[in-house]
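This report concerns only the one structure given below.
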Amino acid sequence: MAVTDEAIEKIKGMIVSGALRPGDRLPKESELAAELGLSRNSLREAVRALSLIRILDVRQGDGTYVTSLDPQLLLEALSFVVDFHRDDTVLEFLAVRRILEPAATAMAATRISESELDVLSAQLDALGAAPSVEELVAADLEFHRGIVQSSGNSVLCSLLDGLSGPTTRARVWRGLTQEDAVSRTLHEHRAILSALRDRDAEAARSWATVHIASVEQWLRSSL
């Protein structure tokens, strides 16, 4: 194992074991290196690597701290990696979204509040019957984000937020080239919202699946 990898594993072990908790300040570099049996250089490289993925927060002149380890913070690294996707992997991202998002929508059916439903409804009303493709895609992202946030699962919410980027261009492309894409999307959004208002988790799951699968099916036939 490379010395930097070993250093990373040792710091990870301290965090996982609870020796270092969210918000804790790490001991001084010389002290921590001696405690872990590491060179200061390998420790420094490990800290740099862990700060890139938001495990550690290096504050100049103050010290190094364990971050909050909040899922949304940690999964920002996923969003960064996802941005490097190739066009030929968009279908794979859609397939993952088709697995996760209907489950989140079903979870939201029993948790979403009436006021949150009213916000979603107002967003749809504000779009009107014939929004531009760009307006529709932006609203689509907000619509699904609002539902997933109501699922009560912050990890699922962060995962789906990170996966939404690669599919945005595909949705715009579909809106520009498929004749009934706008009206179909609006209809499916209304159906999802209706199922949520009825607290019908399975109907919400089914409509979310249909909604995502229709984009996936169109893209597959267009490639």
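Ligands are numbered from 1 in the order shown, residues from 1 within each chain, and chains are lettered A, B, ... in the order they appear in the structure tokens.
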>> From a backbone DSSP assignment, name each residue in segment 9-142 of chain A labelled helix (DSSP H, G or I), as a PyMOL selection string.
In response: chain A and resi 9-17+29-36+40-52+71-74+76-82+87-109+114-127+133-142
>> Using DSSP secondary structure from the backbone, list all strand (DSSP E) positions within segment 11-198 of chain A, as JSON, numbers by chain.
In response: {"A": [56, 57, 58, 59, 63, 64, 65, 66]}
Give me the residues within 10 Å of segment 148-164 of chain A as a CSV table (one decimal) with N, CA and C atoms, in the first residue's frame, counting only C-alpha atoms and dropping any in the same chain fewer than 6 places off.
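Okay, this is what ended up in around_33.csv:
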chain,number,residue,atom,x,y,z
A,70,ASP,N,-21.9,15.7,6.4
A,70,ASP,CA,-23.3,15.7,5.9
A,70,ASP,C,-23.3,15.0,4.5
A,71,PRO,N,-24.3,14.1,4.2
A,71,PRO,CA,-24.3,13.4,2.9
A,71,PRO,C,-24.2,14.4,1.7
A,72,GLN,N,-24.9,15.5,1.8
A,72,GLN,CA,-24.9,16.4,0.6
A,72,GLN,C,-23.5,17.0,0.4
A,73,LEU,N,-22.8,17.2,1.5
A,73,LEU,CA,-21.4,17.7,1.3
A,73,LEU,C,-20.5,16.6,0.7
A,74,LEU,N,-20.6,15.4,1.2
A,74,LEU,CA,-19.7,14.4,0.8
A,74,LEU,C,-20.0,14.0,-0.6
A,75,LEU,N,-21.3,14.0,-1.1
A,75,LEU,CA,-21.7,13.6,-2.4
A,75,LEU,C,-21.4,14.7,-3.4
A,76,GLU,N,-20.9,15.9,-3.0
A,76,GLU,CA,-20.5,16.9,-4.0
A,76,GLU,C,-19.4,16.3,-4.9
A,77,ALA,N,-18.6,15.4,-4.3
A,77,ALA,CA,-17.5,14.8,-5.1
A,77,ALA,C,-18.1,14.0,-6.2
A,78,LEU,N,-19.3,13.3,-6.0
A,78,LEU,CA,-19.9,12.6,-7.0
A,78,LEU,C,-20.4,13.5,-8.2
A,79,SER,N,-20.9,14.6,-7.8
A,79,SER,CA,-21.4,15.6,-8.8
A,79,SER,C,-20.2,16.0,-9.7
A,80,PHE,N,-19.1,16.2,-9.1
A,80,PHE,CA,-17.9,16.6,-9.8
A,80,PHE,C,-17.4,15.6,-10.8
A,81,VAL,N,-17.4,14.3,-10.4
A,81,VAL,CA,-17.0,13.2,-11.2
A,81,VAL,C,-18.1,13.0,-12.4
A,82,VAL,N,-19.3,13.1,-12.0
A,82,VAL,CA,-20.4,12.9,-13.0
A,82,VAL,C,-20.3,13.9,-14.2
A,83,ASP,N,-19.8,15.1,-13.9
A,83,ASP,CA,-19.7,16.1,-14.9
A,83,ASP,C,-18.7,15.7,-16.1
A,90,VAL,N,-25.1,8.5,-21.1
A,90,VAL,CA,-26.3,9.2,-20.6
A,90,VAL,C,-27.4,8.2,-20.3
A,93,PHE,N,-27.0,6.7,-16.9
A,93,PHE,CA,-27.4,7.6,-15.9
A,93,PHE,C,-28.9,7.7,-15.8
A,94,LEU,N,-29.6,7.6,-16.9
A,94,LEU,CA,-31.1,7.6,-16.9
A,94,LEU,C,-31.6,6.3,-16.2
A,96,VAL,N,-30.1,4.6,-13.9
A,96,VAL,CA,-30.0,4.7,-12.5
A,96,VAL,C,-31.0,5.6,-11.9
A,97,ARG,N,-31.3,6.7,-12.6
A,97,ARG,CA,-32.4,7.6,-12.1
A,97,ARG,C,-33.7,6.9,-12.1
A,100,LEU,N,-33.9,4.8,-8.9
A,100,LEU,CA,-33.9,5.6,-7.6
A,100,LEU,C,-35.1,6.5,-7.5
A,101,GLU,N,-35.4,7.3,-8.5
A,101,GLU,CA,-36.3,8.4,-8.4
A,101,GLU,C,-37.8,7.9,-8.1
A,102,PRO,N,-38.3,6.8,-8.8
A,102,PRO,CA,-39.6,6.4,-8.4
A,102,PRO,C,-39.7,5.9,-6.9
A,103,ALA,N,-38.6,5.3,-6.4
A,103,ALA,CA,-38.6,4.9,-5.0
A,103,ALA,C,-38.7,6.2,-4.1
A,104,ALA,N,-37.9,7.2,-4.5
A,104,ALA,CA,-38.0,8.5,-3.7
A,104,ALA,C,-39.4,9.1,-3.8
A,105,THR,N,-40.0,9.0,-4.9
A,105,THR,CA,-41.3,9.6,-5.1
A,105,THR,C,-42.3,8.9,-4.3
A,106,ALA,N,-42.2,7.5,-4.2
A,106,ALA,CA,-43.1,6.7,-3.4
A,106,ALA,C,-43.0,7.1,-1.9
A,107,MET,N,-41.7,7.3,-1.5
A,107,MET,CA,-41.5,7.6,-0.1
A,107,MET,C,-42.1,9.0,0.2
A,108,ALA,N,-42.0,9.9,-0.8
A,108,ALA,CA,-42.5,11.3,-0.5
A,108,ALA,C,-44.0,11.3,-0.4
A,109,ALA,N,-44.7,10.3,-1.0
A,109,ALA,CA,-46.2,10.3,-0.9
A,109,ALA,C,-46.7,10.3,0.5
A,110,THR,N,-46.0,9.7,1.4
A,110,THR,CA,-46.5,9.6,2.8
A,110,THR,C,-45.9,10.7,3.7
A,111,ARG,N,-45.0,11.5,3.1
A,111,ARG,CA,-44.3,12.5,3.9
A,111,ARG,C,-44.5,13.9,3.5
A,112,ILE,N,-44.8,14.1,2.2
A,112,ILE,CA,-44.9,15.5,1.7
A,112,ILE,C,-46.0,16.2,2.3
A,113,SER,N,-45.8,17.5,2.7
A,113,SER,CA,-46.9,18.3,3.3
A,113,SER,C,-47.8,18.9,2.3
A,116,GLU,N,-46.1,21.9,0.7
A,116,GLU,CA,-45.2,21.5,-0.3
A,116,GLU,C,-45.9,21.1,-1.6
A,117,LEU,N,-47.0,20.4,-1.5
A,117,LEU,CA,-47.8,20.1,-2.6
A,117,LEU,C,-48.3,21.3,-3.3
A,141,LEU,N,-36.5,20.0,-13.3
A,141,LEU,CA,-35.4,19.7,-12.3
A,141,LEU,C,-35.9,20.2,-10.9
A,142,GLU,N,-36.6,21.3,-10.9
A,142,GLU,CA,-37.1,21.8,-9.6
A,142,GLU,C,-38.2,21.0,-9.1
> Excluding same-chain residues fewer than 6 positions from segment 24-31 of chain A, what lies within 6 Å of it counting only C-alpha atoms, as JSON, numbers by chain?
Replying inline: {"A": [64, 65, 66]}
Would you save the residues from that selection as a compact mmCIF listing (two decimals), in the first residue's frame, using C-alpha atoms?
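Below is the file selection38.txt, written as the result:
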# COMPACT_ATOMS: atom_id res chain seq x y z
CA THR A 64 -7.60 21.07 10.05
CA TYR A 65 -11.08 19.95 11.05
CA VAL A 66 -13.36 17.04 10.30
> Which residues, written as a ChimeraX atom specification, have at least one atom at most 7 Å from Ile192 of chain A, with only C-alpha atoms counted and residues fewer than 2 positions away on the same chain left out?
Replying inline: /A:188-190,194-196,204,207-208
>> Can you tell me which residues surround Ala2 of chain A at a distance of at most 12 Å, considering only C-alpha atoms, apart from same-chain residues fewer than 4 positions away, and format the answer as an MDAnalysis selection string?
In response: chainID A and resid 6:9 38 42:43 45:46
Those residues you just picked out, can you put them in a file as a PDB file, in the first residue's frame with C-alpha atoms?
ATOM      1  CA  GLU A   6      -1.947   4.135   4.299  1.00  0.00           C
ATOM      2  CA  ALA A   7      -2.207   7.606   5.818  1.00  0.00           C
ATOM      3  CA  ILE A   8      -5.693   8.054   4.364  1.00  0.00           C
ATOM      4  CA  GLU A   9      -6.797   4.707   5.786  1.00  0.00           C
ATOM      5  CA  LEU A  38       3.535   8.271   9.506  1.00  0.00           C
ATOM      6  CA  SER A  42       2.531  11.387   3.725  1.00  0.00           C
ATOM      7  CA  LEU A  43       0.168  12.801   6.361  1.00  0.00           C
ATOM      8  CA  GLU A  45      -0.758  14.395   1.247  1.00  0.00           C
ATOM      9  CA  ALA A  46      -3.513  12.402   2.928  1.00  0.00           C
TER      10      ALA A  46
END
> Which of these, A:Thr185, A:Thr4, A:Pro131, A:Ser115, has the shortest distance to Ser39 of chain A once you count only C-alpha atoms?
Replying inline: A:Thr4
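If only C-alpha atoms are the atoms counted, then among A:Val3, A:Ala122, A:Ile53, A:Arg197 the closest residue to Asn41 of chain A is A:Val3.
If you look at atom CA of Arg145 of chain A and atom CA of Asp180 of chain A, they are 23.5 Å away from each other.
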